Structure formats: C-alpha cells, structure tokens
>>> print(open('query-v8.tsv').read())   # TSV, C-alpha atoms
chain	number	residue	atom	x	y	z
A	1	MET	CA	-15.09	-63.11	61.66
A	2	LYS	CA	-14.81	-59.69	63.31
A	3	THR	CA	-18.60	-59.29	63.21
A	4	THR	CA	-19.05	-62.72	64.81
A	5	ILE	CA	-16.67	-61.84	67.68
A	6	ILE	CA	-18.49	-58.53	68.32
A	7	THR	CA	-21.82	-60.38	68.34
A	8	ILE	CA	-20.54	-62.97	70.83
A	9	ILE	CA	-19.12	-60.27	73.12
A	10	GLY	CA	-22.41	-58.39	72.96
A	11	MET	CA	-24.37	-61.52	73.87
A	12	LEU	CA	-22.04	-62.22	76.81
A	13	LEU	CA	-22.42	-58.67	78.10
A	14	LEU	CA	-26.20	-58.89	77.79
A	15	SER	CA	-26.30	-62.24	79.62
A	16	SER	CA	-24.09	-60.86	82.38
A	17	SER	CA	-26.31	-57.81	82.86
A	18	MET	CA	-29.44	-59.97	82.90
A	19	LEU	CA	-27.87	-62.31	85.46
A	20	PHE	CA	-26.86	-59.33	87.60
A	21	ALA	CA	-30.39	-57.93	87.42
A	22	GLN	CA	-31.82	-61.30	88.44
A	23	ASN	CA	-29.49	-61.42	91.45
A	24	GLU	CA	-30.31	-57.88	92.61
A	25	HIS	CA	-32.19	-57.85	95.90
A	26	PHE	CA	-35.10	-55.50	96.56
A	27	THR	CA	-36.50	-55.06	100.06
A	28	THR	CA	-40.30	-55.08	100.02
A	29	HIS	CA	-41.04	-55.74	103.70
A	30	GLY	CA	-39.32	-55.05	106.98
A	31	THR	CA	-38.75	-52.37	109.58
A	32	ILE	CA	-36.98	-49.01	109.49
A	33	GLU	CA	-35.76	-47.16	112.57
A	34	PHE	CA	-35.95	-43.38	112.16
A	35	GLU	CA	-34.45	-40.60	114.26
A	36	LYS	CA	-36.05	-37.17	114.24
A	37	SER	CA	-33.78	-34.25	115.07
A	38	VAL	CA	-34.91	-30.69	115.82
A	39	ASN	CA	-32.53	-27.75	116.20
A	40	MET	CA	-34.17	-26.26	119.28
A	41	PHE	CA	-31.87	-23.23	119.49
A	42	ALA	CA	-32.89	-22.12	115.99
A	43	THR	CA	-36.54	-23.07	116.52
A	44	ILE	CA	-36.97	-21.09	119.73
A	45	LYS	CA	-35.12	-18.11	118.28
A	46	LYS	CA	-37.74	-17.89	115.50
A	47	TRP	CA	-40.48	-17.56	118.10
A	48	ILE	CA	-39.01	-14.38	119.56
A	49	THR	CA	-40.74	-11.14	118.55
A	50	PRO	CA	-40.46	-7.56	119.85
A	51	GLU	CA	-43.62	-8.23	121.87
A	52	ASN	CA	-42.28	-11.31	123.72
A	53	GLU	CA	-38.54	-10.66	123.58
A	54	SER	CA	-38.22	-9.61	127.22
A	55	PHE	CA	-39.76	-12.94	128.26
A	56	LEU	CA	-38.43	-15.43	125.68
A	57	SER	CA	-34.85	-14.20	125.20
A	58	PRO	CA	-33.81	-14.97	128.80
A	59	LEU	CA	-35.58	-18.34	128.52
A	60	LEU	CA	-33.62	-19.14	125.36
A	61	GLU	CA	-30.30	-18.25	127.02
A	62	SER	CA	-31.19	-20.40	130.00
A	63	TYR	CA	-32.23	-23.23	127.66
A	64	LYS	CA	-28.88	-23.07	125.85
A	65	LYS	CA	-27.03	-23.56	129.13
A	66	SER	CA	-29.08	-26.54	130.32
A	67	GLN	CA	-30.34	-28.37	127.22
A	68	PRO	CA	-28.77	-29.92	124.07
A	69	GLN	CA	-29.09	-27.99	120.83
A	70	PHE	CA	-30.69	-30.92	118.99
A	71	LYS	CA	-33.70	-32.69	120.44
A	72	LYS	CA	-33.94	-36.31	119.31
A	73	SER	CA	-36.86	-38.72	119.10
A	74	LYS	CA	-37.31	-42.10	117.48
A	75	SER	CA	-39.96	-43.96	115.51
A	76	ILE	CA	-40.38	-47.33	113.81
A	77	LEU	CA	-41.80	-47.80	110.32
A	78	ASN	CA	-43.11	-51.29	109.52
A	79	PHE	CA	-43.86	-51.98	105.87
A	80	ALA	CA	-45.37	-54.96	104.03
A	81	ASP	CA	-47.82	-55.57	101.15
A	82	ASN	CA	-47.50	-51.92	100.06
A	83	LYS	CA	-48.73	-50.70	103.45
A	84	THR	CA	-46.82	-48.87	106.18
A	85	LEU	CA	-47.27	-48.24	109.89
A	86	ASN	CA	-45.31	-45.41	111.51
A	87	THR	CA	-45.17	-45.70	115.32
A	88	PRO	CA	-43.39	-43.37	117.78
A	89	VAL	CA	-40.98	-44.91	120.26
A	90	GLU	CA	-41.70	-43.69	123.76
A	91	SER	CA	-38.72	-42.23	125.52
A	92	ASN	CA	-37.99	-42.34	129.23
A	93	ASP	CA	-35.36	-39.64	128.91
A	94	ALA	CA	-37.51	-36.77	130.16
A	95	THR	CA	-35.32	-33.70	130.51
A	96	PRO	CA	-35.94	-31.74	133.72
A	97	ASN	CA	-36.66	-28.00	133.47
A	98	ASP	CA	-37.35	-28.24	129.74
A	99	PHE	CA	-39.82	-25.38	129.27
A	100	PHE	CA	-40.23	-26.22	125.57
A	101	GLY	CA	-40.51	-29.98	126.00
A	102	ASP	CA	-44.17	-30.41	125.05
A	103	ASP	CA	-44.39	-28.32	121.89
A	104	ALA	CA	-45.67	-29.91	118.68
A	105	VAL	CA	-42.56	-28.98	116.69
A	106	SER	CA	-40.13	-31.09	118.71
A	107	GLY	CA	-42.51	-33.92	119.57
A	108	GLN	CA	-43.39	-36.97	117.51
A	109	PRO	CA	-46.79	-38.18	118.73
A	110	ASN	CA	-48.33	-39.59	115.54
A	111	THR	CA	-49.17	-43.20	114.72
A	112	ILE	CA	-49.82	-43.36	110.97
A	113	TYR	CA	-51.17	-46.26	108.92
A	114	THR	CA	-50.88	-45.78	105.15
A	115	ASP	CA	-52.31	-47.93	102.35
A	116	LEU	CA	-50.18	-47.03	99.33
A	117	ASP	CA	-52.45	-48.92	96.93
A	118	THR	CA	-55.58	-46.95	97.82
A	119	LYS	CA	-53.59	-43.80	98.70
A	120	THR	CA	-55.36	-43.43	102.05
A	121	SER	CA	-54.07	-42.91	105.58
A	122	ILE	CA	-55.34	-43.20	109.15
A	123	THR	CA	-53.48	-41.08	111.69
A	124	GLN	CA	-53.84	-41.26	115.44
A	125	LYS	CA	-52.73	-37.79	116.45
A	126	LYS	CA	-52.33	-36.50	119.98
A	127	VAL	CA	-52.99	-32.76	120.20
A	128	TYR	CA	-52.18	-31.68	123.75
A	129	ASP	CA	-54.92	-33.34	125.87
A	130	ASP	CA	-57.03	-34.51	122.93
A	131	LEU	CA	-56.70	-37.56	120.69
A	132	PHE	CA	-57.85	-37.43	117.06
A	133	LEU	CA	-58.23	-40.15	114.43
A	134	VAL	CA	-57.64	-38.50	111.07
A	135	ARG	CA	-58.88	-40.46	108.05
A	136	ASP	CA	-58.05	-38.96	104.67
A	137	SER	CA	-56.26	-39.47	101.38
A	138	THR	CA	-52.49	-39.31	101.37
A	139	ARG	CA	-51.04	-35.87	100.75
A	140	LYS	CA	-50.44	-35.16	97.05
A	141	VAL	CA	-46.86	-34.01	96.60
A	142	THR	CA	-45.27	-32.92	93.33
A	143	TRP	CA	-41.70	-34.13	93.74
A	144	LYS	CA	-38.82	-32.92	91.60
A	145	ILE	CA	-36.21	-35.68	91.36
A	146	THR	CA	-32.56	-34.58	91.10
A	147	ASP	CA	-29.23	-36.24	90.26
A	148	GLU	CA	-27.84	-35.81	93.78
A	149	THR	CA	-27.25	-39.04	95.72
A	150	ARG	CA	-26.11	-40.09	99.18
A	151	GLU	CA	-25.98	-43.27	101.24
A	152	ILE	CA	-28.37	-43.69	104.18
A	153	ALA	CA	-28.51	-46.79	106.41
A	154	GLY	CA	-26.55	-48.76	103.80
A	155	PHE	CA	-28.80	-47.82	100.85
A	156	ALA	CA	-27.97	-45.62	97.88
A	157	CYS	CA	-30.56	-42.83	97.85
A	158	ARG	CA	-31.54	-40.16	95.34
A	159	ARG	CA	-32.64	-36.66	96.27
A	160	ALA	CA	-36.03	-35.14	95.51
A	161	ASN	CA	-37.40	-31.70	96.43
A	162	ALA	CA	-40.96	-30.48	96.95
A	163	LEU	CA	-43.14	-27.77	98.41
A	164	VAL	CA	-46.02	-28.90	100.64
A	165	MET	CA	-48.80	-26.91	102.28
A	166	ASP	CA	-47.89	-24.08	99.89
A	167	SER	CA	-44.87	-22.95	101.89
A	168	VAL	CA	-43.00	-25.88	103.49
A	169	TYR	CA	-39.83	-26.73	101.54
A	170	VAL	CA	-39.00	-30.45	101.75
A	171	VAL	CA	-35.85	-32.36	100.80
A	172	ALA	CA	-36.15	-36.15	100.62
A	173	PHE	CA	-33.74	-38.99	99.86
A	174	TYR	CA	-35.35	-42.22	98.67
A	175	ALA	CA	-33.98	-45.73	98.08
A	176	GLU	CA	-34.95	-47.44	94.83
A	177	LYS	CA	-33.85	-50.78	96.31
A	178	ILE	CA	-36.83	-50.47	98.66
A	179	PRO	CA	-39.60	-50.18	96.02
A	180	VAL	CA	-42.26	-49.03	98.47
A	181	SER	CA	-43.54	-45.47	98.07
A	182	GLY	CA	-43.58	-44.67	101.79
A	183	GLY	CA	-41.57	-42.69	104.29
A	184	PRO	CA	-41.45	-41.20	107.78
A	185	GLU	CA	-44.56	-39.49	109.16
A	186	SER	CA	-47.03	-38.73	106.32
A	187	PHE	CA	-44.53	-38.30	103.46
A	188	THR	CA	-45.05	-40.58	100.45
A	189	GLY	CA	-45.12	-40.51	96.65
A	190	LEU	CA	-41.59	-41.27	95.49
A	191	PRO	CA	-40.44	-44.36	93.49
A	192	GLY	CA	-38.79	-45.84	96.57
A	193	MET	CA	-38.80	-45.61	100.36
A	194	ILE	CA	-37.85	-42.23	101.82
A	195	LEU	CA	-34.94	-42.84	104.22
A	196	GLY	CA	-33.95	-39.21	104.73
A	197	LEU	CA	-36.18	-36.17	105.04
A	198	ALA	CA	-35.42	-32.56	105.90
A	199	LEU	CA	-37.45	-29.39	106.35
A	200	PRO	CA	-34.46	-27.00	106.06
A	201	HIS	CA	-36.39	-23.82	106.87
A	202	ASP	CA	-37.99	-25.48	109.89
A	203	ASN	CA	-34.79	-26.99	111.35
A	204	VAL	CA	-36.19	-30.55	111.36
A	205	THR	CA	-34.82	-33.81	109.89
A	206	TRP	CA	-35.76	-37.50	109.89
A	207	PHE	CA	-33.10	-40.05	108.95
A	208	ALA	CA	-33.17	-43.84	108.93
A	209	THR	CA	-30.58	-45.32	111.25
A	210	LYS	CA	-31.31	-48.99	110.52
A	211	VAL	CA	-33.24	-50.99	107.91
A	212	THR	CA	-34.12	-54.63	108.64
A	213	ASP	CA	-35.34	-56.87	105.81
A	214	MET	CA	-37.75	-59.27	107.53
A	215	PRO	CA	-41.30	-60.69	107.30
A	216	ILE	CA	-43.89	-58.56	109.10
A	217	GLU	CA	-46.61	-60.23	111.13
A	218	PRO	CA	-50.18	-58.89	110.65
A	219	LYS	CA	-50.30	-57.78	114.31
A	220	ALA	CA	-47.34	-55.48	113.61
A	221	MET	CA	-49.54	-53.58	111.11
A	222	THR	CA	-52.51	-52.94	113.41
A	223	ILE	CA	-54.56	-49.96	112.25
A	224	PRO	CA	-55.02	-47.27	114.95
A	225	LYS	CA	-58.65	-46.98	116.08
A	226	LYS	CA	-58.79	-44.61	119.05
A	227	GLY	CA	-59.51	-40.91	118.78
A	228	LYS	CA	-62.15	-38.42	117.67
A	229	PRO	CA	-62.89	-39.15	113.97
A	230	VAL	CA	-62.03	-36.20	111.67
A	231	ASN	CA	-60.55	-35.59	108.25
A	232	ARG	CA	-57.59	-33.30	107.59
A	233	LYS	CA	-59.79	-30.28	106.81
A	234	GLU	CA	-61.82	-30.71	110.00
A	235	LEU	CA	-58.68	-31.05	112.11
A	236	TYR	CA	-57.29	-27.85	110.59
A	237	ALA	CA	-60.50	-25.96	111.42
A	238	THR	CA	-60.38	-27.23	115.02
A	239	LEU	CA	-56.75	-26.20	115.46
A	240	LYS	CA	-57.33	-22.81	113.88
A	241	GLN	CA	-60.10	-22.10	116.39
A	242	LEU	CA	-57.96	-23.37	119.27
A	243	MET	CA	-54.98	-21.18	118.35
A	244	LYS	CA	-56.74	-18.02	117.22
A	245	ASN	CA	-55.32	-16.01	120.14
A	246	TRP	CA	-51.92	-17.64	120.34
A	247	GLY	CA	-50.08	-14.95	118.41
A	248	HIS	CA	-46.81	-15.40	116.50
A	249	GLY	CA	-45.96	-18.89	117.81
A	250	ALA	CA	-49.19	-20.40	116.51
A	251	ASN	CA	-47.90	-20.71	112.93
A	252	ASP	CA	-45.14	-23.19	113.74
A	253	GLU	CA	-47.38	-25.18	116.08
A	254	MET	CA	-50.15	-25.38	113.48
A	255	LYS	CA	-47.73	-26.43	110.76
A	256	ALA	CA	-46.25	-29.20	112.93
A	257	LEU	CA	-49.66	-30.53	113.95
A	258	VAL	CA	-51.11	-30.78	110.45
A	259	LEU	CA	-47.93	-31.82	108.61
>>> encode(input="query-v8.tsv", output="structure tokens")
Amino acid sequence: MKTTIITIIGMLLLSSSMLFAQNEHFTTHGTIEFEKSVNMFATIKKWITPENESFLSPLLESYKKSQPQFKKSKSILNFADNKTLNTPVESNDATPNDFFGDDAVSGQPNTIYTDLDTKTSITQKKVYDDLFLVRDSTRKVTWKITDETREIAGFACRRANALVMDSVYVVAFYAEKIPVSGGPESFTGLPGMILGLALPHDNVTWFATKVTDMPIEPKAMTIPKKGKPVNRKELYATLKQLMKNWGHGANDEMKALVL
C-alpha cells in the first residue's frame, strides 16, 4: 500500500512538472531596446599621458563641469528565424561644446545583420567619413558560464565571462527564455539572448531596457548593403594604417571600431 501511494505521488509530480514545462513560454522573435552607457570621465582620463597632459587635463576638467559622466545611446535589436538585426537609434540630443562627442568609444554607429544558423554577419560600419560593409563569420568566443544570476528587462539571466581580441574582458548576462544566441552589437554564442553586456576595463555597458515579444516583418530584417566591401582582417589593416601616427589614444579607438 505504501509503495502504491509513493508511486501515485511520483506520477502526479511528474505530470505536474510536464504540464508546467508545456506551459512555459519562450520568446523566439521580437524586438529588444538596448541602452549603451559609457563612463566618459574614466575613458578620457585613460587617454591622458605625460606627453598630452598639459592639453587634455584642462579639457577633462572642463568636460566634467559641462557634460554628464555617462554618455548614453540607444539601439534596437530585431530577431526572428534565428537571425538578428542590430540598428542604432539616431539621437537629436547633440550636446554643445562636446569635444569628445565623435569618438568611436562613445558612439554606436553600427548596423549589424547576423545569421546565427550560418554563423555569418554583415556590418555596416561608419568610420569617421567612410562607410564600410564588413562581411565575415561571427566572432568565436569561448564563454565561461557561471552560477551568478540577475534580472534584466523582466527576464532571469545567467552570467558568462569571456576574453575577446586577446585582451578585452567581457561580462554577459543571457536569458534562457529567449533561446536565440544573439546579443547587442557583434556579441553572440551563448545559449540564450544576451540582455546585459559589460566591458569593465573599458567603462562600457549595454543593457536591455525593454523586450517585446512580437512577429517581425521581413522588411524589419533588411540586410545592410551600402559601404566599401571588406572583411574583418581588411578593415583592421585599413584602420591600422590610418591610425599609425595617432599615438596613445589610437588603441582605444581601434578597439572600439573593430569590436
């Protein structure tokens, strides 16, 4: 009799868990609004060297008095059929007297189409006065998944860490309830959508502020087509030549442009 009762209880628990699993909702298409935040005070401070200190230090102090510490920009990520399209949102909030307003670190000029099935991407990238169309495979990232969790935009997310481009430390938070291996900018490769991303040593973060579960029309996934065709290696060579005489500040600019 006791064995029978235990068996019945076990069957009920199994049925309940199966019913719960069937009722779980996974978001496979929709839009995500991201906000990029850059700590400009810390970023500019890193650019100061003994050679440029007399020029940049007064500029930094003036910047602190007239500009916010964190520079914000927004982007929209559409996703459907295991493909994503990351598009910057143009801002009309131009800040007057912002000497550092056009640098690559604080900007967000990329339109990125990613096919997660074929692991390829097409990026329309504005580099100062030039426009490039970068076709290449998605960046291979070896993520280390941790037990740390946090909630972002209403989704439970798990933390993962990685090192990209040999030296850029990345912290990501991905949502398993969005089983699409995408994320902001060119970051992919986790078992769920990346809703939070930080480059702690570079003072930059991207966080989702809103996720909308909705059908995506084909026109909302239009592949970018304008720009000089290059791959990632060719773009890097072009930028390296362009910045060969830029001095200390070139490293951060290069990193931001190829990331």
>>> closest_residue(input="query-v8.tsv", among="A:Pro109, A:Gly30, A:Pro218, A:Gly183", to="Phe132 in chain A", atoms="all atoms listed in the file")
A:Pro109
>>> residues_around(input="query-v8.tsv", residues="Thr27 in chain A", least_positions_apart="6", cutoff="12 Å", atoms="all atoms listed in the file", output="ChimeraX atom specification")
/A:79-82,155,175-180,192-193,211-215
>>> atom_distance(input="query-v8.tsv", atom1="CA of Thr188 in chain A", atom2="CA of Ala160 in chain A")
11.6 Å
>>> atom_distance(input="query-v8.tsv", atom1="CA of Ala220 in chain A", atom2="CA of Leu85 in chain A")
8.1 Å
>>> closest_residue(input="query-v8.tsv", among="A:Glu35, A:Asp115, A:Asp129, A:Asp136", to="Ser75 in chain A", atoms="all atoms listed in the file")
A:Glu35
>>> closest_residue(input="query-v8.tsv", among="A:Ile112, A:Leu235, A:Asn39, A:Met254", to="Asp130 in chain A", atoms="all atoms listed in the file")
A:Leu235
